[in-house]
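Colleague: Pasting in a structure now, in structure tokens, and then I'll have a few things to ask.
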Amino acid sequence: MTDLSHPTLPGTLPDKRQVAASFSRAAASYDSVAALQRAVGVSLLAQLPEDLAPSRWLDLGSGTGYFSRVLGERFARATGVAVDIAEGMLRHARGERGGAQYLIAGDAERLPLGDACVDLVFSSLAVQWCSQFAMVLEEARRVLRPGGVLAFSSLCVGTLEELRASWQAVDGMVHVNRFRRLQDYQNLCAASGLEPLSLQRQAHVLHYPDVRSLTHELKALGAHNLNPGRPSGLTGRARVQGLMQAYEAFRQPQGLPATYQVVYGVMRKPQA
Ligand SMILES: C[S@@+](CC[C@H](N)C(=O)[O-])C[C@H]1O[C@@H](n2cnc3c(N)ncnc32)[C@H](O)[C@@H]1O
């Protein structure tokens, strides 16, 4: 991810090949550490309009296919399509039973699908990796049939703030992926031509016994820092000690907190 608080930032756009490679590497470990991702996806599913009965759905940024399988069960008569930029994730999803009938490698900002071919675009915790969220919305609108629904969850500024602040205290460098502001999500959604049904932010706070447990988990998810300008090479012992010390300032009775600011959006393509 890159600094998405501005529409585009030349020179600091995320390298999609790196994003794809990182998630492909994480495919085998992802499910074992994806508790937050499960909770967020379940919450997003609960926000779908009750009368929604798609004949074809798209799981965008489908990862290991967990929510493709849930969608497959919920909309048993519909055809499912899963799109992800990481081949390794798609391979993993293919190995599991159920889910989407079609698994396609592709980019949310340039979907490999025809116009007006799905009734639901479901995308949980994927589009924070896209530098041009306006393109994601445009593509969702293009592939949706009139009356179809886009439901997405994403991350915004404030996510992993404790880790960012702790690193900042150690060396002032960029160690945490950057996130778009809630206001930018609001503006881009309002300008998308899709009719907003709901757009809200909700904080989820996870707790860890120590900093290493958090950073290991981020790596196992494939979601560790991929920012251009991130410090390269090994992280020195003294700096890691400094990080641990700085993070202790946030400690709560349950452990070290890691905050995720999750944006949930549900929008409908107008009939006309
Ligand atoms: C955190 S995982 C979420 C996976 C799944 N939706 C879930 O909730 O378990 C993010 C997924 O988005 C995919 N992704 C990232 N950028 C993408 C893009 N531009 N187009 C399509 N998929 C993308 C990653 O490869 C990864 O599988």
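Each chain in the structure tokens gets a letter, A, B, ..., in the order shown, and its residues are numbered from 1; ligands are numbered from 1 in order too.
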Report the closest atom pair, with its distance in Å rounded to one decimal, for each residue of region 90-153 of chain A that has an atom no farther than 12 Å from region 28-52 of chain A; count only C-alpha atoms, sort by chain and then rising residue number, and write it as a tab-separated table.
Modeller:
residue	atom	partner	partner_atom	distance
A:Leu90	CA	A:Ala28	CA	11.3
A:Arg91	CA	A:Ala28	CA	10.2
A:His92	CA	A:Ala28	CA	7.3
A:Ala93	CA	A:Ala28	CA	10.2
A:Gly95	CA	A:Ala28	CA	11.2
A:Glu96	CA	A:Ala28	CA	11.9
A:Asp119	CA	A:Leu52	CA	8.6
A:Leu120	CA	A:Leu52	CA	8.4
A:Val121	CA	A:Leu48	CA	10.7
A:Phe122	CA	A:Leu45	CA	8.4
A:Ser123	CA	A:Gly41	CA	8.5
A:Ser124	CA	A:Gly41	CA	5.6
A:Leu125	CA	A:Gln37	CA	7.1
A:Ala126	CA	A:Gln37	CA	10.1
A:Gly147	CA	A:Leu52	CA	9.7
A:Gly148	CA	A:Leu52	CA	8.6
A:Val149	CA	A:Leu48	CA	8.2
A:Leu150	CA	A:Leu48	CA	9.0
A:Ala151	CA	A:Leu48	CA	7.0
A:Phe152	CA	A:Leu44	CA	7.2
A:Ser153	CA	A:Leu44	CA	6.8
Colleague: Please save N, CA and C atoms of the selected residues as a PDB file, in the first residue's frame.
Modeller:
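The result, stored in out.pdb:
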ATOM      1  N   LEU A  90      -5.082 -17.886  -5.730  1.00  0.00           N
ATOM      2  CA  LEU A  90      -6.066 -18.577  -6.576  1.00  0.00           C
ATOM      3  C   LEU A  90      -5.802 -20.088  -6.572  1.00  0.00           C
ATOM      4  N   ARG A  91      -4.518 -20.459  -6.623  1.00  0.00           N
ATOM      5  CA  ARG A  91      -4.168 -21.889  -6.595  1.00  0.00           C
ATOM      6  C   ARG A  91      -4.686 -22.516  -5.306  1.00  0.00           C
ATOM      7  N   HIS A  92      -4.456 -21.805  -4.203  1.00  0.00           N
ATOM      8  CA  HIS A  92      -4.914 -22.311  -2.903  1.00  0.00           C
ATOM      9  C   HIS A  92      -6.442 -22.468  -2.905  1.00  0.00           C
ATOM     10  N   ALA A  93      -7.125 -21.434  -3.419  1.00  0.00           N
ATOM     11  CA  ALA A  93      -8.596 -21.464  -3.424  1.00  0.00           C
ATOM     12  C   ALA A  93      -9.115 -22.613  -4.289  1.00  0.00           C
ATOM     13  N   GLY A  95      -7.830 -25.449  -4.642  1.00  0.00           N
ATOM     14  CA  GLY A  95      -7.650 -26.714  -3.920  1.00  0.00           C
ATOM     15  C   GLY A  95      -8.733 -26.968  -2.883  1.00  0.00           C
ATOM     16  N   GLU A  96      -9.521 -25.960  -2.573  1.00  0.00           N
ATOM     17  CA  GLU A  96     -10.560 -26.121  -1.550  1.00  0.00           C
ATOM     18  C   GLU A  96     -11.883 -26.481  -2.223  1.00  0.00           C
ATOM     19  N   ASP A 119     -24.361  -9.391 -10.431  1.00  0.00           N
ATOM     20  CA  ASP A 119     -25.363  -8.687  -9.621  1.00  0.00           C
ATOM     21  C   ASP A 119     -24.799  -8.273  -8.263  1.00  0.00           C
ATOM     22  N   LEU A 120     -23.665  -8.856  -7.918  1.00  0.00           N
ATOM     23  CA  LEU A 120     -23.038  -8.520  -6.629  1.00  0.00           C
ATOM     24  C   LEU A 120     -21.524  -8.519  -6.797  1.00  0.00           C
ATOM     25  N   VAL A 121     -20.896  -7.425  -6.368  1.00  0.00           N
ATOM     26  CA  VAL A 121     -19.433  -7.404  -6.221  1.00  0.00           C
ATOM     27  C   VAL A 121     -19.173  -7.345  -4.718  1.00  0.00           C
ATOM     28  N   PHE A 122     -18.579  -8.415  -4.207  1.00  0.00           N
ATOM     29  CA  PHE A 122     -18.252  -8.491  -2.782  1.00  0.00           C
ATOM     30  C   PHE A 122     -16.735  -8.425  -2.667  1.00  0.00           C
ATOM     31  N   SER A 123     -16.229  -7.501  -1.862  1.00  0.00           N
ATOM     32  CA  SER A 123     -14.778  -7.355  -1.780  1.00  0.00           C
ATOM     33  C   SER A 123     -14.379  -7.020  -0.354  1.00  0.00           C
ATOM     34  N   SER A 124     -13.763  -7.977   0.332  1.00  0.00           N
ATOM     35  CA  SER A 124     -13.423  -7.746   1.734  1.00  0.00           C
ATOM     36  C   SER A 124     -11.924  -7.620   1.928  1.00  0.00           C
ATOM     37  N   LEU A 125     -11.520  -6.492   2.449  1.00  0.00           N
ATOM     38  CA  LEU A 125     -10.130  -6.185   2.808  1.00  0.00           C
ATOM     39  C   LEU A 125      -9.134  -6.418   1.668  1.00  0.00           C
ATOM     40  N   ALA A 126      -9.502  -5.993   0.478  1.00  0.00           N
ATOM     41  CA  ALA A 126      -8.597  -6.106  -0.668  1.00  0.00           C
ATOM     42  C   ALA A 126      -8.276  -4.744  -1.282  1.00  0.00           C
ATOM     43  N   GLY A 147     -29.093  -2.101 -10.776  1.00  0.00           N
ATOM     44  CA  GLY A 147     -29.709  -2.644  -9.560  1.00  0.00           C
ATOM     45  C   GLY A 147     -28.751  -3.511  -8.753  1.00  0.00           C
ATOM     46  N   GLY A 148     -27.580  -3.814  -9.330  1.00  0.00           N
ATOM     47  CA  GLY A 148     -26.602  -4.671  -8.641  1.00  0.00           C
ATOM     48  C   GLY A 148     -25.916  -3.931  -7.495  1.00  0.00           C
ATOM     49  N   VAL A 149     -25.274  -4.707  -6.620  1.00  0.00           N
ATOM     50  CA  VAL A 149     -24.719  -4.153  -5.373  1.00  0.00           C
ATOM     51  C   VAL A 149     -23.210  -4.372  -5.286  1.00  0.00           C
ATOM     52  N   LEU A 150     -22.519  -3.296  -4.871  1.00  0.00           N
ATOM     53  CA  LEU A 150     -21.103  -3.404  -4.492  1.00  0.00           C
ATOM     54  C   LEU A 150     -21.038  -3.341  -2.978  1.00  0.00           C
ATOM     55  N   ALA A 151     -20.415  -4.343  -2.354  1.00  0.00           N
ATOM     56  CA  ALA A 151     -20.192  -4.317  -0.905  1.00  0.00           C
ATOM     57  C   ALA A 151     -18.695  -4.481  -0.687  1.00  0.00           C
ATOM     58  N   PHE A 152     -18.073  -3.489  -0.060  1.00  0.00           N
ATOM     59  CA  PHE A 152     -16.628  -3.593   0.167  1.00  0.00           C
ATOM     60  C   PHE A 152     -16.278  -3.267   1.613  1.00  0.00           C
ATOM     61  N   SER A 153     -15.182  -3.855   2.057  1.00  0.00           N
ATOM     62  CA  SER A 153     -14.565  -3.392   3.305  1.00  0.00           C
ATOM     63  C   SER A 153     -13.127  -3.067   2.972  1.00  0.00           C
TER      64      SER A 153
END
Colleague: Determine, using only C-alpha atoms and all ligand atoms, which residues of chain A have any atom at most 8 Å from an atom of ligand 1, and tabulate each with its shortest atom pair and distance in Å to one decimal place, rows ordered by chain and then rising number, as a Markdown table.
Modeller:
| residue | atom | partner | partner_atom_place_in_ligand_line | distance |
| --- | --- | --- | --- | --- |
| A:Lys16 | CA | ligand 1 | 19 (N) | 6.8 |
| A:Val19 | CA | ligand 1 | 15 (C) | 6.2 |
| A:Ala20 | CA | ligand 1 | 25 (O) | 5.1 |
| A:Ser22 | CA | ligand 1 | 25 (O) | 7.8 |
| A:Phe23 | CA | ligand 1 | 25 (O) | 4.9 |
| A:Ser24 | CA | ligand 1 | 25 (O) | 6.9 |
| A:Ala27 | CA | ligand 1 | 27 (O) | 7.9 |
| A:Asp31 | CA | ligand 1 | 9 (O) | 7.6 |
| A:Ala34 | CA | ligand 1 | 9 (O) | 7.0 |
| A:Gln37 | CA | ligand 1 | 8 (O) | 5.0 |
| A:Arg38 | CA | ligand 1 | 8 (O) | 6.2 |
| A:Val40 | CA | ligand 1 | 8 (O) | 7.4 |
| A:Gly41 | CA | ligand 1 | 8 (O) | 5.6 |
| A:Asp59 | CA | ligand 1 | 6 (N) | 7.3 |
| A:Leu60 | CA | ligand 1 | 21 (C) | 6.1 |
| A:Gly61 | CA | ligand 1 | 22 (N) | 3.6 |
| A:Ser62 | CA | ligand 1 | 6 (N) | 4.3 |
| A:Gly63 | CA | ligand 1 | 27 (O) | 3.3 |
| A:Thr64 | CA | ligand 1 | 9 (O) | 6.3 |
| A:Gly65 | CA | ligand 1 | 5 (C) | 6.6 |
| A:Tyr66 | CA | ligand 1 | 9 (O) | 5.8 |
| A:Phe67 | CA | ligand 1 | 7 (C) | 6.3 |
| A:Val83 | CA | ligand 1 | 21 (C) | 6.1 |
| A:Asp84 | CA | ligand 1 | 22 (N) | 3.8 |
| A:Ile85 | CA | ligand 1 | 22 (N) | 4.2 |
| A:Ala86 | CA | ligand 1 | 25 (O) | 4.3 |
| A:Glu87 | CA | ligand 1 | 25 (O) | 7.9 |
| A:Met89 | CA | ligand 1 | 27 (O) | 5.7 |
| A:Ala105 | CA | ligand 1 | 21 (C) | 7.7 |
| A:Gly106 | CA | ligand 1 | 21 (C) | 5.8 |
| A:Asp107 | CA | ligand 1 | 20 (N) | 3.5 |
| A:Ala108 | CA | ligand 1 | 20 (N) | 3.8 |
| A:Glu109 | CA | ligand 1 | 19 (N) | 6.0 |
| A:Ser123 | CA | ligand 1 | 6 (N) | 5.9 |
| A:Ser124 | CA | ligand 1 | 6 (N) | 4.4 |
| A:Leu125 | CA | ligand 1 | 3 (C) | 5.0 |
| A:Ala126 | CA | ligand 1 | 12 (O) | 3.8 |
| A:Val127 | CA | ligand 1 | 16 (N) | 6.2 |
| A:Gln128 | CA | ligand 1 | 16 (N) | 7.5 |
| A:Trp129 | CA | ligand 1 | 16 (N) | 4.7 |
| A:Cys130 | CA | ligand 1 | 19 (N) | 5.1 |
| A:Leu221 | CA | ligand 1 | 1 (C) | 6.8 |
| A:Gly222 | CA | ligand 1 | 1 (C) | 7.6 |
| A:Ala223 | CA | ligand 1 | 1 (C) | 6.8 |
Colleague: Based on the selection just made, write N, CA and C atoms of those residues as a compact mmCIF listing (two decimals), in the first residue's frame.
Modeller:
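Final file, result-v3.txt:
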# COMPACT_ATOMS: atom_id res chain seq x y z
N LYS A 16 2.36 -3.64 -7.94
CA LYS A 16 1.36 -4.71 -7.86
C LYS A 16 1.99 -6.09 -7.93
N VAL A 19 2.86 -6.88 -4.45
CA VAL A 19 1.66 -7.20 -3.68
C VAL A 19 1.23 -8.65 -4.00
N ALA A 20 1.20 -8.96 -5.30
CA ALA A 20 0.78 -10.31 -5.73
C ALA A 20 1.74 -11.36 -5.18
N SER A 22 3.70 -11.18 -2.57
CA SER A 22 3.62 -11.26 -1.12
C SER A 22 2.40 -12.10 -0.71
N PHE A 23 1.26 -11.87 -1.36
CA PHE A 23 0.06 -12.64 -1.01
C PHE A 23 0.19 -14.08 -1.49
N SER A 24 0.83 -14.30 -2.63
CA SER A 24 1.02 -15.68 -3.09
C SER A 24 1.85 -16.47 -2.08
N ALA A 27 -0.20 -17.56 0.97
CA ALA A 27 -1.45 -18.32 0.77
C ALA A 27 -1.60 -19.47 1.77
N ASP A 31 -4.90 -18.42 6.22
CA ASP A 31 -6.14 -18.78 6.93
C ASP A 31 -5.93 -18.97 8.43
N ALA A 34 -6.06 -15.34 10.11
CA ALA A 34 -6.95 -14.34 9.52
C ALA A 34 -8.21 -14.09 10.37
N GLN A 37 -9.79 -10.74 9.53
CA GLN A 37 -10.34 -10.76 8.17
C GLN A 37 -11.65 -11.53 8.13
N ARG A 38 -11.74 -12.60 8.93
CA ARG A 38 -12.99 -13.36 9.03
C ARG A 38 -14.09 -12.46 9.60
N VAL A 40 -14.33 -9.26 9.79
CA VAL A 40 -14.70 -8.14 8.92
C VAL A 40 -15.59 -8.64 7.77
N GLY A 41 -15.22 -9.75 7.16
CA GLY A 41 -16.00 -10.30 6.05
C GLY A 41 -17.40 -10.70 6.50
N ASP A 59 -16.42 -12.30 -6.18
CA ASP A 59 -15.63 -12.09 -4.96
C ASP A 59 -14.31 -11.47 -5.42
N LEU A 60 -14.15 -10.19 -5.13
CA LEU A 60 -13.02 -9.43 -5.66
C LEU A 60 -11.90 -9.34 -4.62
N GLY A 61 -10.72 -9.85 -4.99
CA GLY A 61 -9.64 -9.95 -4.01
C GLY A 61 -9.96 -11.10 -3.08
N SER A 62 -10.24 -12.25 -3.71
CA SER A 62 -10.86 -13.38 -3.02
C SER A 62 -9.92 -14.14 -2.09
N GLY A 63 -8.62 -13.91 -2.21
CA GLY A 63 -7.66 -14.57 -1.33
C GLY A 63 -7.78 -16.08 -1.37
N THR A 64 -7.82 -16.70 -0.20
CA THR A 64 -7.87 -18.17 -0.14
C THR A 64 -9.26 -18.71 -0.48
N GLY A 65 -10.19 -17.82 -0.72
CA GLY A 65 -11.52 -18.27 -1.17
C GLY A 65 -12.50 -18.51 -0.04
N TYR A 66 -12.14 -18.11 1.17
CA TYR A 66 -13.03 -18.36 2.32
C TYR A 66 -14.41 -17.76 2.08
N PHE A 67 -14.44 -16.48 1.66
CA PHE A 67 -15.75 -15.85 1.48
C PHE A 67 -16.42 -16.26 0.16
N VAL A 83 -11.92 -13.23 -8.33
CA VAL A 83 -10.79 -12.57 -8.99
C VAL A 83 -9.77 -12.17 -7.93
N ASP A 84 -8.52 -12.48 -8.19
CA ASP A 84 -7.44 -12.05 -7.29
C ASP A 84 -6.19 -11.80 -8.11
N ILE A 85 -5.38 -10.88 -7.62
CA ILE A 85 -4.16 -10.54 -8.34
C ILE A 85 -3.04 -11.55 -8.06
N ALA A 86 -3.20 -12.33 -6.99
CA ALA A 86 -2.15 -13.27 -6.58
C ALA A 86 -2.47 -14.69 -7.05
N GLU A 87 -1.66 -15.19 -7.99
CA GLU A 87 -1.87 -16.55 -8.52
C GLU A 87 -1.81 -17.60 -7.41
N MET A 89 -2.73 -17.32 -4.34
CA MET A 89 -4.00 -17.34 -3.62
C MET A 89 -5.04 -18.12 -4.42
N ALA A 105 -7.26 -14.68 -12.54
CA ALA A 105 -6.23 -13.75 -12.10
C ALA A 105 -6.54 -12.39 -12.71
N GLY A 106 -6.59 -11.36 -11.89
CA GLY A 106 -6.91 -10.04 -12.43
C GLY A 106 -6.78 -8.96 -11.38
N ASP A 107 -6.87 -7.74 -11.87
CA ASP A 107 -6.66 -6.55 -11.05
C ASP A 107 -7.98 -5.82 -10.84
N ALA A 108 -8.26 -5.47 -9.60
CA ALA A 108 -9.52 -4.78 -9.28
C ALA A 108 -9.65 -3.46 -10.02
N GLU A 109 -8.51 -2.88 -10.40
CA GLU A 109 -8.57 -1.60 -11.11
C GLU A 109 -8.77 -1.78 -12.61
N SER A 123 -16.23 -7.50 -1.86
CA SER A 123 -14.78 -7.35 -1.78
C SER A 123 -14.38 -7.02 -0.35
N SER A 124 -13.76 -7.98 0.33
CA SER A 124 -13.42 -7.75 1.73
C SER A 124 -11.92 -7.62 1.93
N LEU A 125 -11.52 -6.49 2.45
CA LEU A 125 -10.13 -6.19 2.81
C LEU A 125 -9.13 -6.42 1.67
N ALA A 126 -9.50 -5.99 0.48
CA ALA A 126 -8.60 -6.11 -0.67
C ALA A 126 -8.28 -4.74 -1.28
N VAL A 127 -9.26 -3.85 -1.34
CA VAL A 127 -9.06 -2.64 -2.15
C VAL A 127 -8.15 -1.61 -1.48
N GLN A 128 -7.76 -1.85 -0.22
CA GLN A 128 -6.77 -0.94 0.38
C GLN A 128 -5.42 -1.10 -0.32
N TRP A 129 -5.28 -2.17 -1.12
CA TRP A 129 -4.05 -2.37 -1.88
C TRP A 129 -4.08 -1.68 -3.24
N CYS A 130 -5.18 -1.04 -3.55
CA CYS A 130 -5.31 -0.38 -4.85
C CYS A 130 -5.06 1.12 -4.71
N LEU A 221 0.12 -13.08 6.96
CA LEU A 221 -1.04 -12.61 6.17
C LEU A 221 -0.61 -12.08 4.81
N GLY A 222 0.67 -11.83 4.64
CA GLY A 222 1.16 -11.21 3.40
C GLY A 222 0.95 -9.71 3.45
N ALA A 223 0.63 -9.18 4.63
CA ALA A 223 0.22 -7.77 4.74
C ALA A 223 1.28 -6.91 5.44
Colleague: Could you pull the residues within 6 Å of region 161-168 of chain A, counting only C-alpha atoms, minus those fewer than 5 positions along the same chain, as a PDB file with N, CA and C atoms, in the first residue's frame?
Modeller:
ATOM      1  N   VAL A 176       5.186   1.016   8.162  1.00  0.00           N
ATOM      2  CA  VAL A 176       3.802   0.522   8.164  1.00  0.00           C
ATOM      3  C   VAL A 176       3.130   0.985   6.878  1.00  0.00           C
ATOM      4  N   LEU A 243      11.942  -0.579  19.312  1.00  0.00           N
ATOM      5  CA  LEU A 243      10.535  -0.718  18.912  1.00  0.00           C
ATOM      6  C   LEU A 243       9.720  -1.329  20.051  1.00  0.00           C
ATOM      7  N   ALA A 246       9.220   1.163  22.788  1.00  0.00           N
ATOM      8  CA  ALA A 246       8.273   2.230  22.434  1.00  0.00           C
ATOM      9  C   ALA A 246       6.833   1.702  22.453  1.00  0.00           C
ATOM     10  N   TYR A 247       6.636   0.458  21.948  1.00  0.00           N
ATOM     11  CA  TYR A 247       5.282  -0.111  21.868  1.00  0.00           C
ATOM     12  C   TYR A 247       4.709  -0.349  23.264  1.00  0.00           C
TER      13      TYR A 247
END
Colleague: Assign secondary structure with DSSP using the backbone only, and return the residues of region 54-268 of chain A in alpha helix (DSSP H) as a PyMOL selection string.
Modeller: chain A and resi 66-74+87-94+133-143+161-171+182-190+211-221+237-248
Colleague: Which residues are near Cys117 (chain A)? Cut-off 12 Å, only C-alpha atoms, ignore same chain within fewer than 5 positions. Put them as a list of chain:residue names.
Modeller: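 Everything that qualifies: A:Pro54, A:Ser55, A:Arg56, A:Trp57, A:Leu58, A:Thr79, A:Gly80, A:Val81, A:Leu111, A:Pro112, A:Glu139, A:Ala140, A:Arg141, A:Arg142, A:Val143, A:Leu144, A:Arg145, A:Pro146, A:Gly147, A:Gly148.
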Colleague: I need the chosen residues saved as a PDB file, in the first residue's frame, with C-alpha atoms.
Modeller:
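Heads up, here's the output in again-v1.pdb:
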ATOM      1  CA  PRO A  54     -27.789 -12.474  -7.399  1.00  0.00           C
ATOM      2  CA  SER A  55     -27.659 -14.848 -10.325  1.00  0.00           C
ATOM      3  CA  ARG A  56     -23.921 -14.140 -10.620  1.00  0.00           C
ATOM      4  CA  TRP A  57     -21.592 -12.782  -7.920  1.00  0.00           C
ATOM      5  CA  LEU A  58     -17.971 -11.665  -7.936  1.00  0.00           C
ATOM      6  CA  THR A  79     -22.694 -18.648 -10.389  1.00  0.00           C
ATOM      7  CA  GLY A  80     -19.614 -17.407  -8.554  1.00  0.00           C
ATOM      8  CA  VAL A  81     -16.557 -15.680  -9.964  1.00  0.00           C
ATOM      9  CA  LEU A 111     -11.329  -6.223 -14.183  1.00  0.00           C
ATOM     10  CA  PRO A 112     -11.065  -9.027 -16.744  1.00  0.00           C
ATOM     11  CA  GLU A 139     -14.841  -1.007 -12.706  1.00  0.00           C
ATOM     12  CA  ALA A 140     -17.384  -2.241 -10.163  1.00  0.00           C
ATOM     13  CA  ARG A 141     -20.008   0.016 -11.724  1.00  0.00           C
ATOM     14  CA  ARG A 142     -19.100  -1.227 -15.193  1.00  0.00           C
ATOM     15  CA  VAL A 143     -19.394  -4.940 -14.388  1.00  0.00           C
ATOM     16  CA  LEU A 144     -22.544  -4.591 -12.247  1.00  0.00           C
ATOM     17  CA  ARG A 145     -25.949  -4.986 -13.799  1.00  0.00           C
ATOM     18  CA  PRO A 146     -28.406  -2.154 -13.103  1.00  0.00           C
ATOM     19  CA  GLY A 147     -29.709  -2.644  -9.560  1.00  0.00           C
ATOM     20  CA  GLY A 148     -26.602  -4.671  -8.641  1.00  0.00           C
TER      21      GLY A 148
END
Colleague: Report, in Å to a single decimal, how far apart CA of Leu206 (chain A) and CA of Arg251 (chain A) are.
Modeller: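 Taking CA of Arg251 (chain A) and CA of Leu206 (chain A), their separation equals 11.8 Å.
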Colleague: How would you write, as an NGL selection string, the set of residues in region 120-252 of chain A that DSSP gives as strand (DSSP E or B)?
Modeller: :A and (120-124 or 144-155 or 195-208 or 252)
Colleague: Could you check which of A:Gly242, A:Gly98, A:Gln202, A:Glu73 is closest to Asp171 (chain A), using only C-alpha atoms?
Modeller: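 Of the candidates, the smallest distance to Asp171 (chain A) is held by A:Gly242.
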Colleague: Using only C-alpha atoms for the distances, tell me which of A:Ala169, A:Leu199, A:Val266, A:Leu188 is nearest to Val136 (chain A).
Modeller: A:Leu188
Colleague: Name the closest residue to Val240 (chain A) among the candidates A:Met135, A:Ala76, A:Val157, A:Val170; distances are taken between atoms, counting only C-alpha atoms.
Modeller: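 Checking each of A:Met135, A:Ala76, A:Val157, A:Val170 against Val240 (chain A), counting only C-alpha atoms, the winner is A:Val170.
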Colleague: Between CA of Pro257 (chain A) and CA of Asp210 (chain A), measure the distance and give it in Å to one decimal.
Modeller: 9.5 Å
Colleague: Can you tell me which residues surround His207 (chain A) at a distance of at most 8 Å, considering only C-alpha atoms, apart from same-chain residues fewer than 4 positions away, and format the answer as a VMD selection string?
Modeller: chain A and resid 254 to 258
Colleague: Given the selection you just returned, output its residues as a file containing N, CA and C atoms, formatted as a PDB file, in the first residue's frame.
Modeller:
ATOM      1  N   GLN A 254      -5.070  -6.372  28.392  1.00  0.00           N
ATOM      2  CA  GLN A 254      -5.219  -7.528  27.477  1.00  0.00           C
ATOM      3  C   GLN A 254      -3.961  -7.791  26.657  1.00  0.00           C
ATOM      4  N   GLY A 255      -3.030  -6.859  26.635  1.00  0.00           N
ATOM      5  CA  GLY A 255      -1.812  -7.029  25.837  1.00  0.00           C
ATOM      6  C   GLY A 255      -1.513  -5.783  25.027  1.00  0.00           C
ATOM      7  N   LEU A 256      -0.669  -5.943  23.988  1.00  0.00           N
ATOM      8  CA  LEU A 256      -0.334  -4.801  23.129  1.00  0.00           C
ATOM      9  C   LEU A 256      -1.436  -4.640  22.080  1.00  0.00           C
ATOM     10  N   PRO A 257      -2.049  -3.481  21.978  1.00  0.00           N
ATOM     11  CA  PRO A 257      -3.155  -3.310  21.031  1.00  0.00           C
ATOM     12  C   PRO A 257      -2.658  -3.029  19.611  1.00  0.00           C
ATOM     13  N   ALA A 258      -3.402  -3.518  18.632  1.00  0.00           N
ATOM     14  CA  ALA A 258      -3.180  -3.147  17.225  1.00  0.00           C
ATOM     15  C   ALA A 258      -4.553  -2.767  16.679  1.00  0.00           C
TER      16      ALA A 258
END
Colleague: In Å to one decimal, how far is CA of Arg25 (chain A) from CA of Asn177 (chain A)?
Modeller: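 Computing it gives 18.0 Å between the two atoms.
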